[in-house]
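Engineer: First, the structure itself, so that you have it in front of you.
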Amino acid sequence: MACYQMGPNTHSIPMTLFRENRDRVMAELRKVPALEGKQALVVLQGGDNISLYDTDVDYVFRQFVSYK
């Protein structure tokens, strides 16, 4: 089974979880009467930069992108 993992000794998250979440969001959007028969665009916020010890050094952020 395909999974997403940040490295050794970290939790493994199955890729099916992302698909299930997308499907749930789409199902909820289809229930909105104002959007019936129209196209919708969903914009989600990615991660924020987090300063390392309040300095000008940031943790490395990698955005995971998945297209259906």
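Letters A, B, ... mark the chains of the structure tokens in the order given; residue numbers begin at 1 per chain; ligand numbers begin at 1, in order shown.
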Using backbone DSSP assignments, extract all strand (DSSP E) residues from chain A; output them as a VMD selection string.
Structural biologist: chain A and resid 3 to 4 13 to 14
Engineer: What's the 8 Å shell around segment 43-52 of chain A, counting only C-alpha atoms, without same-chain residues fewer than 4 positions away, as a short mmCIF file (atom, residue, chain, number, x, y, z; two decimals) with N, CA, C and O atoms, in the first residue's frame?
Structural biologist:
data_model
loop_
_atom_site.label_atom_id
_atom_site.label_comp_id
_atom_site.auth_asym_id
_atom_site.auth_seq_id
_atom_site.Cartn_x
_atom_site.Cartn_y
_atom_site.Cartn_z
N ASP A 56 16.18 34.09 12.26
CA ASP A 56 15.85 34.22 10.84
C ASP A 56 16.00 32.88 10.11
O ASP A 56 15.97 32.83 8.89
N VAL A 57 16.16 31.80 10.86
CA VAL A 57 16.26 30.47 10.27
C VAL A 57 14.91 29.77 10.41
O VAL A 57 14.33 29.75 11.48
N ASP A 58 14.42 29.21 9.32
CA ASP A 58 13.12 28.52 9.34
C ASP A 58 13.31 27.02 9.21
O ASP A 58 14.28 26.55 8.64
N TYR A 59 12.34 26.29 9.76
CA TYR A 59 12.29 24.86 9.51
C TYR A 59 12.03 24.65 8.03
O TYR A 59 11.33 25.44 7.39
N PHE A 61 10.11 23.44 5.06
CA PHE A 61 8.71 23.06 4.84
C PHE A 61 8.58 22.47 3.46
O PHE A 61 9.03 23.06 2.48
N GLN A 63 5.64 21.03 0.95
CA GLN A 63 4.21 20.88 0.71
C GLN A 63 3.97 19.64 -0.12
O GLN A 63 4.58 19.46 -1.16
#
Engineer: Residues near Leu41 of chain A, anyone? I mean within 12 Å using only C-alpha atoms, not counting same-chain ones fewer than 2 positions away, as a list of chain:residue names.
Structural biologist: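 Here the qualifying residues turn out to be A:Val25, A:Met26, A:Leu29, A:Leu35, A:Lys38, A:Gln39, A:Val43, A:Leu44.
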Engineer: Just to be explicit: take each residue in the selection above, keep N, CA and C atoms, and write the result as a JSON list (two decimals), in the first residue's frame.
Structural biologist:
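Written out: result.json:
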[["chain", "number", "residue", "atom", "x", "y", "z"],
["A", 25, "VAL", "N", -14.81, 16.12, 1.07],
["A", 25, "VAL", "CA", -14.95, 17.55, 0.79],
["A", 25, "VAL", "C", -15.83, 17.75, -0.45],
["A", 26, "MET", "N", -15.57, 16.96, -1.49],
["A", 26, "MET", "CA", -16.37, 17.08, -2.71],
["A", 26, "MET", "C", -17.83, 16.72, -2.45],
["A", 29, "LEU", "N", -19.44, 19.68, -0.79],
["A", 29, "LEU", "CA", -19.63, 20.80, -1.73],
["A", 29, "LEU", "C", -20.83, 20.53, -2.64],
["A", 35, "LEU", "N", -24.26, 26.05, -5.14],
["A", 35, "LEU", "CA", -23.24, 25.59, -6.07],
["A", 35, "LEU", "C", -23.77, 24.56, -7.07],
["A", 38, "LYS", "N", -22.82, 24.30, -10.87],
["A", 38, "LYS", "CA", -21.74, 25.25, -11.11],
["A", 38, "LYS", "C", -20.41, 24.61, -10.74],
["A", 39, "GLN", "N", -19.35, 25.23, -11.20],
["A", 39, "GLN", "CA", -18.02, 24.78, -10.82],
["A", 39, "GLN", "C", -17.57, 25.55, -9.59],
["A", 43, "VAL", "N", -9.67, 26.61, -2.16],
["A", 43, "VAL", "CA", -8.31, 27.05, -1.88],
["A", 43, "VAL", "C", -8.01, 26.71, -0.42],
["A", 44, "LEU", "N", -7.00, 25.89, -0.23],
["A", 44, "LEU", "CA", -6.62, 25.48, 1.12],
["A", 44, "LEU", "C", -5.27, 26.08, 1.47]]
Engineer: Name the residues in contact with Ser12 of chain A at a cut-off of 7 Å, using only C-alpha atoms, excluding same-chain residues fewer than 3 positions from it; report them as a list of chain:residue names.
Structural biologist: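 My list of contacting residues is A:Cys3, A:Tyr4, A:Gln5.
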Engineer: Would you export the selected residues with all heavy atoms as an mmCIF file, in the first residue's frame, please?
Structural biologist:
data_model
loop_
_atom_site.group_PDB
_atom_site.id
_atom_site.type_symbol
_atom_site.label_atom_id
_atom_site.label_comp_id
_atom_site.auth_asym_id
_atom_site.auth_seq_id
_atom_site.Cartn_x
_atom_site.Cartn_y
_atom_site.Cartn_z
ATOM 1 N N CYS A 3 2.101 4.911 0.844
ATOM 2 C CA CYS A 3 1.940 5.724 2.052
ATOM 3 C C CYS A 3 2.860 6.938 1.984
ATOM 4 O O CYS A 3 3.784 6.998 1.190
ATOM 5 C CB CYS A 3 2.231 4.900 3.298
ATOM 6 S SG CYS A 3 3.940 4.348 3.405
ATOM 7 N N TYR A 4 2.555 7.903 2.827
ATOM 8 C CA TYR A 4 3.353 9.126 2.951
ATOM 9 C C TYR A 4 4.033 9.079 4.300
ATOM 10 O O TYR A 4 3.401 8.803 5.320
ATOM 11 C CB TYR A 4 2.457 10.361 2.843
ATOM 12 C CG TYR A 4 3.192 11.649 3.044
ATOM 13 C CD1 TYR A 4 4.050 12.122 2.065
ATOM 14 C CD2 TYR A 4 3.052 12.388 4.198
ATOM 15 C CE1 TYR A 4 4.740 13.307 2.231
ATOM 16 C CE2 TYR A 4 3.735 13.570 4.382
ATOM 17 C CZ TYR A 4 4.574 14.020 3.394
ATOM 18 O OH TYR A 4 5.259 15.188 3.579
ATOM 19 N N GLN A 5 5.344 9.349 4.310
ATOM 20 C CA GLN A 5 6.100 9.288 5.550
ATOM 21 C C GLN A 5 7.168 10.373 5.528
ATOM 22 O O GLN A 5 7.819 10.584 4.511
ATOM 23 C CB GLN A 5 6.729 7.906 5.689
ATOM 24 C CG GLN A 5 7.204 7.592 7.058
ATOM 25 C CD GLN A 5 7.571 6.109 7.195
ATOM 26 O OE1 GLN A 5 7.590 5.371 6.220
ATOM 27 N NE2 GLN A 5 7.859 5.688 8.389
#
Engineer: I need the residues of chain A that end up classed as alpha helix (DSSP H) by DSSP on the backbone, written out as a list in words.
Structural biologist: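 Of chain A, only Met15, Thr16, Leu17, Phe18, Arg19, Glu20, Asn21, Arg22, Asp23, Arg24, Val25, Met26, Ala27, Glu28, Leu29 and Arg30 of chain A fall in alpha helix (DSSP H).
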Engineer: Rounded to one decimal, what separation in Å do you get between atom CA of Arg62 of chain A and atom CA of Asp23 of chain A?
Structural biologist: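 Computing the Euclidean distance for atom CA of Arg62 of chain A and atom CA of Asp23 of chain A yields 23.4 Å.
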Engineer: Tell me, in Å to one decimal, how far atom CA of Glu20 of chain A is from atom CA of Glu36 of chain A.
Structural biologist: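 Going from atom CA of Glu20 of chain A over to atom CA of Glu36 of chain A covers 21.8 Å.
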